[in-house]
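With mmCIF, C-alpha atoms inside, this is target_39.cif:
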```
data_query
loop_
_atom_site.label_atom_id
_atom_site.label_comp_id
_atom_site.auth_asym_id
_atom_site.auth_seq_id
_atom_site.Cartn_x
_atom_site.Cartn_y
_atom_site.Cartn_z
CA MET Y 109 -33.43 20.86 12.62
CA PRO Y 110 -34.78 18.71 9.74
CA ILE Y 111 -32.11 17.42 7.39
CA MET Y 112 -34.33 16.74 4.38
CA GLY Y 113 -37.56 18.19 3.04
CA PRO Y 114 -39.91 18.37 0.04
CA GLN Y 115 -37.34 20.11 -2.13
CA ASP Y 116 -35.09 17.05 -1.87
CA ILE Y 117 -37.90 14.79 -3.08
CA ASP Y 118 -38.56 17.13 -6.01
CA GLU Y 119 -34.86 17.15 -6.90
CA ALA Y 120 -34.59 13.36 -6.66
CA VAL Y 121 -37.66 12.84 -8.85
CA ALA Y 122 -36.34 15.30 -11.44
CA ALA Y 123 -32.90 13.64 -11.49
CA THR Y 124 -34.22 10.09 -11.70
CA THR Y 125 -36.93 10.65 -14.30
CA SER Y 126 -34.46 12.61 -16.44
CA ALA Y 127 -32.06 9.66 -16.35
CA LEU Y 128 -34.79 7.08 -16.97
CA ARG Y 129 -36.04 8.94 -20.05
CA GLY Y 130 -32.83 7.84 -21.71
CA VAL Y 131 -33.95 4.18 -21.58
CA THR Y 132 -37.71 4.42 -22.20
CA ASP Y 133 -37.17 2.88 -25.64
CA ARG Y 134 -35.82 -0.34 -24.02
CA ASP Y 135 -37.63 -3.44 -22.80
CA TRP Y 136 -38.81 -2.80 -19.22
CA SER Y 137 -40.01 -6.36 -18.78
CA VAL Y 138 -36.41 -7.48 -18.09
CA PRO Y 139 -35.38 -7.90 -14.43
CA ALA Y 140 -33.99 -4.85 -12.71
CA ASN Y 141 -30.37 -5.32 -11.68
CA GLY Y 142 -30.09 -7.47 -8.56
CA LEU Y 143 -33.86 -7.70 -8.08
CA GLU Y 144 -36.56 -10.24 -8.81
CA TRP Y 145 -38.84 -7.47 -10.06
CA SER Y 146 -38.90 -6.34 -13.68
CA CYS Y 147 -37.86 -2.78 -14.47
CA HIS Y 148 -41.57 -2.01 -14.96
CA ASP Y 149 -42.47 -3.41 -11.55
CA THR Y 150 -39.53 -1.64 -9.92
CA ALA Y 151 -40.81 1.72 -11.17
CA VAL Y 152 -44.27 0.88 -9.82
CA HIS Y 153 -42.63 -0.05 -6.51
CA ILE Y 154 -41.06 3.42 -6.28
CA ALA Y 155 -44.47 5.00 -6.89
CA ASP Y 156 -46.04 2.71 -4.30
CA ASP Y 157 -43.42 3.77 -1.76
CA PHE Y 158 -43.94 7.45 -2.53
CA THR Y 159 -47.67 7.09 -1.97
CA GLY Y 160 -47.30 4.81 1.03
CA TYR Y 161 -44.89 7.17 2.77
CA ALA Y 162 -47.20 10.12 2.08
CA THR Y 163 -50.19 8.35 3.60
CA GLN Y 164 -48.21 7.26 6.65
CA LEU Y 165 -47.79 10.96 7.37
CA THR Y 166 -51.28 12.13 6.41
CA GLY Y 167 -52.86 9.18 8.23
CA ARG Y 168 -50.67 9.67 11.34
CA ALA Y 169 -49.96 5.93 11.25
CA THR Y 170 -49.02 4.32 14.57
CA HIS Y 171 -48.62 0.79 13.19
CA GLY Y 172 -48.57 -0.89 9.80
CA TYR Y 173 -49.32 0.52 6.37
CA ALA Y 174 -52.73 1.58 5.10
CA PRO Y 175 -54.22 -1.42 3.20
CA PHE Y 176 -53.79 -0.33 -0.41
CA GLU Y 177 -51.24 -0.53 -3.19
CA VAL Y 178 -50.39 1.44 -6.30
CA VAL Y 179 -50.66 -0.37 -9.63
CA ALA Y 180 -50.12 0.79 -13.18
CA ALA Y 181 -52.93 0.44 -15.69
CA PRO Y 182 -52.48 -2.49 -18.11
CA GLY Y 183 -50.35 -1.52 -21.06
CA THR Y 184 -48.65 1.42 -19.33
CA THR Y 185 -45.48 2.31 -21.24
CA PRO Y 186 -42.18 3.36 -19.67
CA ASP Y 187 -43.05 6.98 -20.50
CA GLY Y 188 -46.33 6.51 -18.67
CA LEU Y 189 -44.49 5.08 -15.68
CA LEU Y 190 -42.37 8.23 -15.48
CA ARG Y 191 -45.58 10.27 -15.33
CA VAL Y 192 -46.66 8.08 -12.41
CA LEU Y 193 -43.33 8.68 -10.66
CA GLU Y 194 -43.61 12.45 -11.10
CA ALA Y 195 -47.21 12.48 -9.84
CA THR Y 196 -46.65 10.27 -6.80
CA GLY Y 197 -43.36 11.96 -5.96
CA GLY Y 198 -45.31 15.22 -5.88
CA LEU Y 199 -47.78 13.67 -3.46
CA LEU Y 200 -44.98 12.74 -1.06
CA ALA Y 201 -43.38 16.18 -1.35
CA ALA Y 202 -46.74 17.81 -0.59
CA ALA Y 203 -47.35 15.53 2.41
CA VAL Y 204 -43.90 16.29 3.83
CA PHE Y 205 -44.46 20.02 3.30
CA ARG Y 206 -47.81 19.93 5.13
CA THR Y 207 -46.76 17.67 8.02
CA PRO Y 208 -46.24 19.55 11.33
CA PRO Y 209 -42.74 19.12 12.80
CA ASP Y 210 -43.97 17.19 15.84
CA VAL Y 211 -45.82 14.49 13.86
CA ARG Y 212 -44.28 11.01 13.82
CA ALA Y 213 -45.47 8.04 11.81
CA TRP Y 214 -44.69 4.33 11.79
CA HIS Y 215 -42.18 2.61 9.56
CA PRO Y 216 -40.72 -0.87 10.16
CA TYR Y 217 -37.26 0.70 10.39
CA GLY Y 218 -38.31 3.25 13.02
CA VAL Y 219 -40.84 6.03 13.53
CA ALA Y 220 -40.08 9.21 11.63
CA GLY Y 221 -41.34 12.69 10.86
CA GLY Y 222 -41.59 14.37 7.51
CA ASP Y 223 -37.82 14.67 7.13
CA GLY Y 224 -37.38 10.93 7.67
CA PHE Y 225 -40.00 9.98 5.11
CA ALA Y 226 -38.53 12.50 2.67
CA ALA Y 227 -35.18 10.75 3.03
CA MET Y 228 -36.80 7.33 2.58
CA GLY Y 229 -38.45 8.49 -0.63
CA VAL Y 230 -35.15 9.82 -1.95
CA VAL Y 231 -33.40 6.50 -1.16
CA GLU Y 232 -36.07 4.52 -3.01
CA ALA Y 233 -35.87 6.81 -6.05
CA LEU Y 234 -32.07 6.85 -6.30
CA VAL Y 235 -31.21 3.21 -5.70
CA HIS Y 236 -34.04 1.76 -7.78
CA THR Y 237 -33.26 4.11 -10.65
CA HIS Y 238 -29.74 2.70 -10.44
CA ASP Y 239 -31.22 -0.82 -10.63
CA ILE Y 240 -33.26 0.00 -13.74
CA LEU Y 241 -30.45 1.85 -15.52
CA THR Y 242 -27.90 -0.87 -14.78
CA ALA Y 243 -30.26 -3.49 -16.20
CA HIS Y 244 -30.17 -1.51 -19.45
CA GLY Y 245 -26.40 -1.19 -19.55
CA VAL Y 246 -26.08 2.30 -18.06
CA HIS Y 247 -23.36 2.07 -15.41
CA ASP Y 248 -22.12 5.66 -15.07
CA TRP Y 249 -25.19 7.48 -13.73
CA GLN Y 250 -24.40 9.78 -10.81
CA PRO Y 251 -27.23 11.41 -8.82
CA PRO Y 252 -26.56 14.72 -7.05
CA ALA Y 253 -23.87 14.11 -4.44
CA HIS Y 254 -25.45 16.43 -1.88
CA LEU Y 255 -28.68 14.40 -1.98
CA CYS Y 256 -26.75 11.23 -1.25
CA ALA Y 257 -24.83 12.92 1.56
CA ARG Y 258 -28.00 14.16 3.26
CA VAL Y 259 -29.66 10.76 2.96
CA LEU Y 260 -26.63 9.16 4.60
CA GLU Y 261 -26.72 11.72 7.41
CA ARG Y 262 -30.43 11.19 8.08
CA LEU Y 263 -30.89 7.42 7.68
CA PHE Y 264 -27.47 5.75 7.60
CA PRO Y 265 -25.46 6.88 10.66
CA HIS Y 266 -23.58 3.59 10.53
CA VAL Y 267 -21.98 4.09 7.12
CA PRO Y 268 -18.35 5.31 6.76
CA ARG Y 269 -18.19 8.81 5.32
CA ASP Y 270 -14.74 8.64 3.74
CA GLY Y 271 -15.27 9.07 -0.01
CA ASP Y 272 -18.00 9.43 -2.63
CA PRO Y 273 -21.44 9.61 -0.94
CA TRP Y 274 -23.10 7.86 -3.91
CA ARG Y 275 -20.78 4.88 -3.62
CA ALA Y 276 -21.39 4.88 0.14
CA LEU Y 277 -25.16 4.83 -0.42
CA LEU Y 278 -24.85 1.95 -2.89
CA TRP Y 279 -22.80 0.02 -0.32
CA ALA Y 280 -25.27 0.84 2.44
CA THR Y 281 -28.10 -0.65 0.36
CA GLY Y 282 -26.25 -3.83 -0.57
CA ARG Y 283 -25.27 -2.74 -4.09
CA GLY Y 284 -21.50 -2.69 -4.09
CA GLU Y 285 -18.23 -2.64 -2.19
CA LEU Y 286 -16.78 0.38 -0.42
CA GLY Y 287 -13.12 1.03 0.31
CA GLY Y 288 -12.29 -2.62 0.93
CA LEU Y 289 -15.58 -3.34 2.71
CA PRO Y 290 -17.38 -6.26 1.06
CA ARG Y 291 -20.90 -6.07 -0.30
CA LEU Y 292 -23.45 -6.33 2.51
CA GLY Y 293 -25.47 -9.50 2.85
CA ALA Y 294 -28.17 -7.73 4.87
CA TRP Y 295 -28.90 -4.04 5.29
CA GLN Y 296 -31.43 -1.47 6.42
CA TRP Y 297 -31.65 2.19 7.28
CA PHE Y 298 -32.37 3.57 10.76
CA ALA Y 299 -35.10 6.19 10.97
CA ASP Y 300 -35.05 6.61 14.75
CA PRO Y 301 -31.79 5.40 16.35
CA ILE Y 302 -30.80 6.17 19.92
CA ARG Y 303 -28.17 8.92 20.01
CA SER Y 304 -25.69 10.10 22.62
CA GLU Y 305 -22.77 12.52 22.48
CA ARG Y 306 -20.42 10.23 20.56
CA LEU Y 307 -22.52 7.19 19.70
CA VAL Y 308 -25.54 5.98 17.78
CA LEU Y 309 -27.34 2.79 18.85
CA CYS Y 310 -28.82 1.00 15.84
CA GLU Y 311 -31.28 -1.78 16.57
CA LEU Y 312 -30.61 -5.21 15.08
CA GLY Y 313 -33.95 -6.42 13.76
CA PRO Y 314 -34.37 -10.15 13.06
CA ARG Y 315 -32.86 -9.99 9.56
CA LEU Y 316 -29.72 -8.10 10.58
CA ALA Y 317 -29.43 -10.16 13.77
CA ALA Y 318 -29.54 -13.40 11.76
CA ASP Y 319 -26.81 -12.16 9.41
CA LEU Y 320 -24.63 -11.18 12.38
CA HIS Y 321 -25.25 -14.45 14.22
CA GLU Y 322 -24.37 -16.47 11.11
CA GLY Y 323 -20.98 -14.76 10.76
CA GLY Y 324 -21.90 -11.73 8.64
CA SER Y 325 -21.38 -8.06 9.45
CA GLY Y 326 -25.00 -7.40 10.37
CA GLY Y 327 -24.91 -4.52 7.89
CA PHE Y 328 -22.14 -2.61 9.67
CA ALA Y 329 -18.51 -1.62 9.14
CA TRP Y 330 -16.78 -2.85 12.29
CA ALA Y 331 -13.80 -1.27 14.00
CA GLY Y 332 -10.94 -3.32 15.36
CA GLY Y 333 -11.77 -6.64 13.74
CA GLY Y 334 -15.20 -6.83 15.39
CA PRO Y 335 -17.76 -7.91 16.22
CA GLU Y 336 -16.95 -9.87 19.35
CA GLU Y 337 -18.50 -13.27 20.03
CA GLY Y 338 -20.85 -11.85 22.67
CA THR Y 339 -22.39 -9.52 20.09
CA ARG Y 340 -22.91 -12.41 17.66
CA PHE Y 341 -24.54 -14.39 20.47
CA SER Y 342 -26.95 -11.52 21.16
CA GLY Y 343 -27.93 -11.62 17.49
CA GLY Y 344 -28.83 -15.27 17.98
CA MET Y 345 -31.01 -14.33 20.96
CA VAL Y 346 -33.00 -12.00 18.72
CA VAL Y 347 -33.40 -14.72 16.09
CA ARG Y 348 -34.63 -17.26 18.62
CA ALA Y 349 -37.07 -14.78 20.14
CA HIS Y 350 -38.43 -13.96 16.69
CA GLU Y 351 -38.86 -17.64 15.85
CA ALA Y 352 -40.64 -18.21 19.17
CA GLY Y 353 -42.95 -15.23 18.64
CA THR Y 354 -41.65 -13.37 21.70
CA TYR Y 355 -39.52 -10.73 19.94
CA ARG Y 356 -40.64 -7.16 20.62
CA PRO Y 357 -39.08 -4.30 18.63
CA GLY Y 358 -36.88 -2.12 20.79
CA TRP Y 359 -36.20 -4.83 23.37
CA GLY Y 360 -33.49 -6.71 21.48
CA ALA Y 361 -29.89 -6.08 20.44
CA TYR Y 362 -28.23 -2.91 19.16
CA ALA Y 363 -24.97 -2.15 17.41
CA ILE Y 364 -22.96 0.61 19.08
CA VAL Y 365 -21.81 2.91 16.26
CA ARG Y 366 -19.24 5.68 16.64
CA ALA Y 367 -20.87 8.77 15.15
CA SER Y 368 -17.60 10.35 14.02
CA ASP Y 369 -16.76 7.69 11.44
CA GLY Y 370 -19.74 5.32 11.21
CA ARG Y 371 -17.79 2.35 12.58
CA ALA Y 372 -19.46 -0.14 14.90
CA VAL Y 373 -17.47 -0.51 18.13
CA GLY Y 374 -19.62 -3.00 20.02
CA GLY Y 375 -23.05 -4.35 20.87
CA ILE Y 376 -25.57 -3.72 23.63
CA GLY Y 377 -29.14 -4.69 24.33
CA PHE Y 378 -31.74 -6.51 26.34
CA HIS Y 379 -31.95 -10.24 26.94
CA ALA Y 380 -35.73 -9.96 26.46
CA ALA Y 381 -38.61 -7.53 26.84
CA PRO Y 382 -39.65 -6.61 30.39
CA GLY Y 383 -41.32 -9.46 32.24
CA ALA Y 384 -44.41 -9.42 34.44
CA ASP Y 385 -42.38 -7.63 37.11
CA GLY Y 386 -41.53 -4.83 34.67
CA GLU Y 387 -37.79 -5.61 34.75
CA ALA Y 388 -35.38 -6.33 31.89
CA GLU Y 389 -31.79 -7.59 31.79
CA VAL Y 390 -29.11 -5.71 29.84
CA GLY Y 391 -25.72 -6.75 28.48
CA TYR Y 392 -22.97 -5.14 26.40
CA ASP Y 393 -19.78 -5.99 24.56
CA ILE Y 394 -17.10 -3.64 23.13
CA VAL Y 395 -14.58 -4.80 20.53
CA THR Y 396 -11.21 -5.37 22.20
CA ALA Y 397 -9.38 -2.62 20.32
CA GLU Y 398 -11.94 0.02 21.37
CA ARG Y 399 -12.17 -0.73 25.09
CA GLY Y 400 -11.17 1.80 27.73
CA LYS Y 401 -12.69 4.77 25.87
CA GLY Y 402 -15.94 5.02 27.79
CA TYR Y 403 -18.11 3.67 24.99
CA ALA Y 404 -19.82 0.99 27.10
CA THR Y 405 -20.81 3.45 29.83
CA GLU Y 406 -22.08 6.02 27.33
CA ALA Y 407 -24.04 3.38 25.43
CA LEU Y 408 -25.54 1.92 28.61
CA ARG Y 409 -26.67 5.34 29.79
CA ALA Y 410 -28.24 6.06 26.40
CA LEU Y 411 -30.00 2.70 26.26
CA ALA Y 412 -31.29 3.07 29.82
CA GLY Y 413 -32.51 6.56 28.99
CA TRP Y 414 -34.56 5.17 26.11
CA ALA Y 415 -35.81 2.21 28.14
CA PHE Y 416 -37.17 4.35 30.96
CA THR Y 417 -39.35 6.27 28.51
CA ARG Y 418 -41.30 3.02 28.06
CA PRO Y 419 -44.19 2.63 30.51
CA GLU Y 420 -43.78 -1.15 30.77
CA LEU Y 421 -40.32 -0.86 32.34
CA THR Y 422 -39.78 -0.45 36.08
CA ALA Y 423 -36.12 -1.48 36.44
CA LEU Y 424 -33.06 -2.71 34.57
CA ARG Y 425 -30.81 -5.53 35.76
CA ALA Y 426 -27.23 -6.45 34.88
CA THR Y 427 -25.04 -9.36 35.96
CA VAL Y 428 -21.26 -8.94 35.93
CA GLU Y 429 -18.65 -11.65 36.42
CA GLN Y 430 -16.87 -11.35 39.77
CA ASP Y 431 -13.42 -10.62 38.34
CA ASN Y 432 -14.48 -8.29 35.48
CA ALA Y 433 -13.40 -5.02 37.08
CA PRO Y 434 -13.92 -2.84 33.96
CA SER Y 435 -17.50 -4.05 33.59
CA HIS Y 436 -18.22 -3.38 37.25
CA ALA Y 437 -17.02 0.18 36.66
CA VAL Y 438 -19.28 0.52 33.60
CA VAL Y 439 -22.52 -0.35 35.39
CA GLU Y 440 -21.62 1.69 38.45
CA ARG Y 441 -20.82 4.77 36.36
CA ALA Y 442 -24.16 4.27 34.57
CA GLY Y 443 -25.96 4.49 37.92
CA PHE Y 444 -26.63 0.83 38.72
CA THR Y 445 -26.35 -0.30 42.34
CA ARG Y 446 -25.14 -3.67 43.57
CA THR Y 447 -27.94 -5.90 44.90
CA GLY Y 448 -26.25 -9.24 45.53
CA ALA Y 449 -24.08 -11.99 44.12
CA SER Y 450 -24.34 -15.60 43.03
CA ASP Y 451 -22.34 -18.17 41.10
CA ASP Y 452 -23.32 -16.30 37.91
CA GLY Y 453 -21.76 -13.06 39.10
CA VAL Y 454 -22.57 -9.81 40.83
CA ARG Y 455 -26.11 -8.53 40.32
CA TYR Y 456 -26.87 -4.86 39.71
CA ARG Y 457 -30.13 -2.92 39.39
CA LEU Y 458 -31.25 0.48 38.11
CA SER Y 459 -34.78 1.69 38.78
CA ARG Y 460 -36.78 4.78 37.89
#
```
The structure given in the file should be rewritten as structure tokens.
Amino acid sequence: MPIMGPQDIDEAVAATTSALRGVTDRDWSVPANGLEWSCHDTAVHIADDFTGYATQLTGRATHGYAPFEVVAAPGTTPDGLLRVLEATGGLLAAAVFRTPPDVRAWHPYGVAGGDGFAAMGVVEALVHTHDILTAHGVHDWQPPAHLCARVLERLFPHVPRDGDPWRALLWATGRGELGGLPRLGAWQWFADPIRSERLVLCELGPRLAADLHEGGSGGFAWAGGGPEEGTRFSGGMVVRAHEAGTYRPGWGAYAIVRASDGRAVGGIGFHAAPGADGEAEVGYDIVTAERGKGYATEALRALAGWAFTRPELTALRATVEQDNAPSHAVVERAGFTRTGASDDGVRYRLSR
């Protein structure tokens, strides 16, 4: 069942333009808080996102954005910019309303249907309104809490839910601290994560992988003092593949997030995309404090389930150290069969 729809976009546009009308007499050429853009350009950016998201849906985009951008006419005043926001927000709401439930369109953070693009539009409106208002000294604006909560549910499964959803959304987008969690150095939302009964697998794109590899959080709140070194190493594999031009979205590393509280409990992923033989190697790593709860097996089954929907894959491989009994149990419970052994460890394979 869709979480968000056109009514949420309409409500977000009404809330944000109402708040921004209070500062239309200010200088919008100043930088928006925390951004390189001016307040004027930030408002145009929101309108560009509204229109871009609408055309992803109406154009049934399978890759990239349509080659256009929204610009404001020279001399457009802040009041005029609010008219642009209302008009383009209406376009997105109309596109979401008219999009059939089975339609999916491309976004760099994952394919999504109308509900996903509705949530993306709401995020852009809320957080960038915050940036503009803060630049003009307004620090106490609070958007509707239920909008923030639904956005978190749809796009941010990795964010802790204990507390004010607006503060959680600001943390999730790198704009503040949250309950002792430091401000994020890198962040993104997840439009199409892999889900299982208890877990959500969130892919670490090159930017998040680099932050994780360099000692950051990768944009996650980690349980039990994580992440483990193996997960940081997998982030480095993604970075090196991206630098070499061999990185393929979907075939990299993922954070294993516990759905109940939004805490990351480990990492899992592929060493590389399937080779000429159609096979790919998998690995996984659970933080020490969360081991023995079945998370690795559940995550491996979910990842394998996704992988075998891809036509380029014929089989998955895993290599387990000889004396790592828990890991042997993980791959065997996930359906892998032993195929041999070497100095590197015991080899396992799972085929269609």
If you count all atoms listed in the file, which residues fall within 8 Å of Y:Leu234, apart from same-chain ones fewer than 2 positions away, as a PDB file with C-alpha atoms, in the frame of the given file?
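Output below, filename selection.pdb:
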```pdb
ATOM      1  CA  ALA Y 120     -34.590  13.360  -6.660  1.00  0.00           C
ATOM      2  CA  THR Y 124     -34.220  10.090 -11.700  1.00  0.00           C
ATOM      3  CA  VAL Y 230     -35.150   9.820  -1.950  1.00  0.00           C
ATOM      4  CA  VAL Y 231     -33.400   6.500  -1.160  1.00  0.00           C
ATOM      5  CA  GLU Y 232     -36.070   4.520  -3.010  1.00  0.00           C
ATOM      6  CA  HIS Y 236     -34.040   1.760  -7.780  1.00  0.00           C
ATOM      7  CA  THR Y 237     -33.260   4.110 -10.650  1.00  0.00           C
ATOM      8  CA  HIS Y 238     -29.740   2.700 -10.440  1.00  0.00           C
ATOM      9  CA  PRO Y 251     -27.230  11.410  -8.820  1.00  0.00           C
TER      10      PRO Y 251
END
```
Find the residues near Y:Trp279: any atom within 10 Å, counting only C-alpha atoms, skip ones fewer than 2 places away on the same chain, and give them as a ChimeraX atom specification. /Y:267-268,273-277,281-287,289-292,295,327
Using the chain letters and numbers from this file, what does the PyMOL selection byres ((chain Y and resi 198-214) around 8) select? Give the answer as number ranges by chain. Y: 113-115, 117-118, 158-159, 161-166, 168-172, 194-197, 215-216, 218-223, 225-226, 229
How would you write, as a PyMOL selection string, the residues chosen by the PyMOL selection byres ((chain Y and resi 399) around 12) on this structure? chain Y and resi 331-332+334+336+373-374+392-398+400-405+434-435+438
Could you save the residues just selected, with C-alpha atoms, as a PDB file, in the coordinates of the input?
```
ATOM      1  CA  ALA Y 331     -13.800  -1.270  14.000  1.00  0.00           C
ATOM      2  CA  GLY Y 332     -10.940  -3.320  15.360  1.00  0.00           C
ATOM      3  CA  GLY Y 334     -15.200  -6.830  15.390  1.00  0.00           C
ATOM      4  CA  GLU Y 336     -16.950  -9.870  19.350  1.00  0.00           C
ATOM      5  CA  VAL Y 373     -17.470  -0.510  18.130  1.00  0.00           C
ATOM      6  CA  GLY Y 374     -19.620  -3.000  20.020  1.00  0.00           C
ATOM      7  CA  TYR Y 392     -22.970  -5.140  26.400  1.00  0.00           C
ATOM      8  CA  ASP Y 393     -19.780  -5.990  24.560  1.00  0.00           C
ATOM      9  CA  ILE Y 394     -17.100  -3.640  23.130  1.00  0.00           C
ATOM     10  CA  VAL Y 395     -14.580  -4.800  20.530  1.00  0.00           C
ATOM     11  CA  THR Y 396     -11.210  -5.370  22.200  1.00  0.00           C
ATOM     12  CA  ALA Y 397      -9.380  -2.620  20.320  1.00  0.00           C
ATOM     13  CA  GLU Y 398     -11.940   0.020  21.370  1.00  0.00           C
ATOM     14  CA  GLY Y 400     -11.170   1.800  27.730  1.00  0.00           C
ATOM     15  CA  LYS Y 401     -12.690   4.770  25.870  1.00  0.00           C
ATOM     16  CA  GLY Y 402     -15.940   5.020  27.790  1.00  0.00           C
ATOM     17  CA  TYR Y 403     -18.110   3.670  24.990  1.00  0.00           C
ATOM     18  CA  ALA Y 404     -19.820   0.990  27.100  1.00  0.00           C
ATOM     19  CA  THR Y 405     -20.810   3.450  29.830  1.00  0.00           C
ATOM     20  CA  PRO Y 434     -13.920  -2.840  33.960  1.00  0.00           C
ATOM     21  CA  SER Y 435     -17.500  -4.050  33.590  1.00  0.00           C
ATOM     22  CA  VAL Y 438     -19.280   0.520  33.600  1.00  0.00           C
TER      23      VAL Y 438
END
```
May I ask for the distance between atom CA of Y:Gly183 and atom CA of Y:Glu119, given in Å to one decimal place?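 Calculated distance between atom CA of Y:Gly183 and atom CA of Y:Glu119 is 28.1 Å.
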Report, in Å to a single decimal, how far apart atom CA of Y:Gly293 and atom CA of Y:Gly324 are.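 Atom-to-atom, atom CA of Y:Gly324 to atom CA of Y:Gly293, that is 7.2 Å.
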Taking the file as shown, what set of residues would the PyMOL selection byres ((chain Y and resi 307) around 9) give back, as a list in words?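 So the PyMOL selection byres ((chain Y and resi 307) around 9) ends up selecting Ile302, Arg303, Ser304, Glu305, Arg306, Val308, Leu309, Ile364, Val365, Arg366, Ala367, Ser368, Tyr403, Glu406, Ala407 and Ala410 of chain Y.
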For atom CA of Y:Ala426 and atom CA of Y:Thr445, the interatomic separation in Å (one decimal):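 Between atom CA of Y:Ala426 and atom CA of Y:Thr445 the gap works out to 9.7 Å.
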Y:Ala352 proximity check over Y:Gly383, Y:Val235, Y:Pro314, Y:Asp248, using all atoms listed in the file: winner is Y:Pro314
Using all atoms listed in the file, which of the listed residues (Y:Gly245, Y:Gly333, Y:Gly370, Y:Gly360) sits closest to Y:Glu389?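 Under the stated criterion, the closest residue is Y:Gly360.
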Excluding Y:Val246 and any residue of its chain fewer than 4 positions from it, enumerate the residues within 12 Å of it, using all atoms listed in the file, and give them as a list in words. Ala127, Leu128, Gly130, Val131, Arg134, Ala140, Asn141, Thr237, His238, Asp239, Ile240, Leu241, Thr242 and Gln250 of chain Y
Using only C-alpha atoms, please write the residues we just selected to a file, as a PDB file, keeping the file's coordinate frame.
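Saved to result.pdb:
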```
ATOM      1  CA  ALA Y 127     -32.060   9.660 -16.350  1.00  0.00           C
ATOM      2  CA  LEU Y 128     -34.790   7.080 -16.970  1.00  0.00           C
ATOM      3  CA  GLY Y 130     -32.830   7.840 -21.710  1.00  0.00           C
ATOM      4  CA  VAL Y 131     -33.950   4.180 -21.580  1.00  0.00           C
ATOM      5  CA  ARG Y 134     -35.820  -0.340 -24.020  1.00  0.00           C
ATOM      6  CA  ALA Y 140     -33.990  -4.850 -12.710  1.00  0.00           C
ATOM      7  CA  ASN Y 141     -30.370  -5.320 -11.680  1.00  0.00           C
ATOM      8  CA  THR Y 237     -33.260   4.110 -10.650  1.00  0.00           C
ATOM      9  CA  HIS Y 238     -29.740   2.700 -10.440  1.00  0.00           C
ATOM     10  CA  ASP Y 239     -31.220  -0.820 -10.630  1.00  0.00           C
ATOM     11  CA  ILE Y 240     -33.260   0.000 -13.740  1.00  0.00           C
ATOM     12  CA  LEU Y 241     -30.450   1.850 -15.520  1.00  0.00           C
ATOM     13  CA  THR Y 242     -27.900  -0.870 -14.780  1.00  0.00           C
ATOM     14  CA  GLN Y 250     -24.400   9.780 -10.810  1.00  0.00           C
TER      15      GLN Y 250
END
```
Tell me which of Y:Ala318, Y:Val346, Y:Leu408, Y:Leu458 sits closest to Y:Ala388, counting only C-alpha atoms.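 Of Y:Ala318, Y:Val346, Y:Leu408, Y:Leu458, the one nearest Y:Ala388, counting only C-alpha atoms, is Y:Leu458.
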Identify the residues within 6 Å of coordinate (-39.0, -1.8, 30.5) (same frame as the file), considering only C-alpha atoms, and give the answer as a PyMOL selection string. chain Y and resi 382+386-388+415+418+420-422
Once 4 Å is added on each side, what centre and edge lengths in Å to one decimal does the axis-aligned box around all listed atoms of stretch 255-269 of chain Y have, as AutoDock Vina command-line options?
```
--center_x -24.5 --center_y 9.0 --center_z 4.3 --size_x 20.7 --size_y 18.8 --size_z 20.6
```
Could you check which of Y:Arg455, Y:Arg441, Y:His244, Y:His153 is closest to Y:Val138, using all atoms listed in the file?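 Residue with the minimum atom-to-atom distance to Y:Val138: Y:His244.
Of the residues under consideration (Y:Ala257, Y:Glu440, Y:Ala380, Y:Arg460), Y:Arg460 shows the shortest atom-to-atom contact distance to Y:Ala412 when counting all atoms listed in the file.
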Y:Val390, Y:Ala423, Y:Ala155, Y:Ala384: which is nearest Y:Val439, counting only C-alpha atoms?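 Nearest to Y:Val439: Y:Val390.
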Please list as a list in words every residue within 12 Å of Y:Tyr355, counting all atoms listed in the file and excluding residues in the same chain fewer than 6 positions away.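 Using all atoms listed in the file, the neighbours found are Leu312, Gly313, Pro314, Ala317, Gly343, Gly344, Met345, Val346, Val347, Arg348, Ala349, Ala361, Phe378, His379, Ala380, Ala381 and Pro382 of chain Y.
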Hey, can you pull every residue with an atom no more than 7 Å from (-30.6, -0.7, 43.0), using only C-alpha atoms, and send it as a PyMOL selection string? chain Y and resi 444-447+456-459
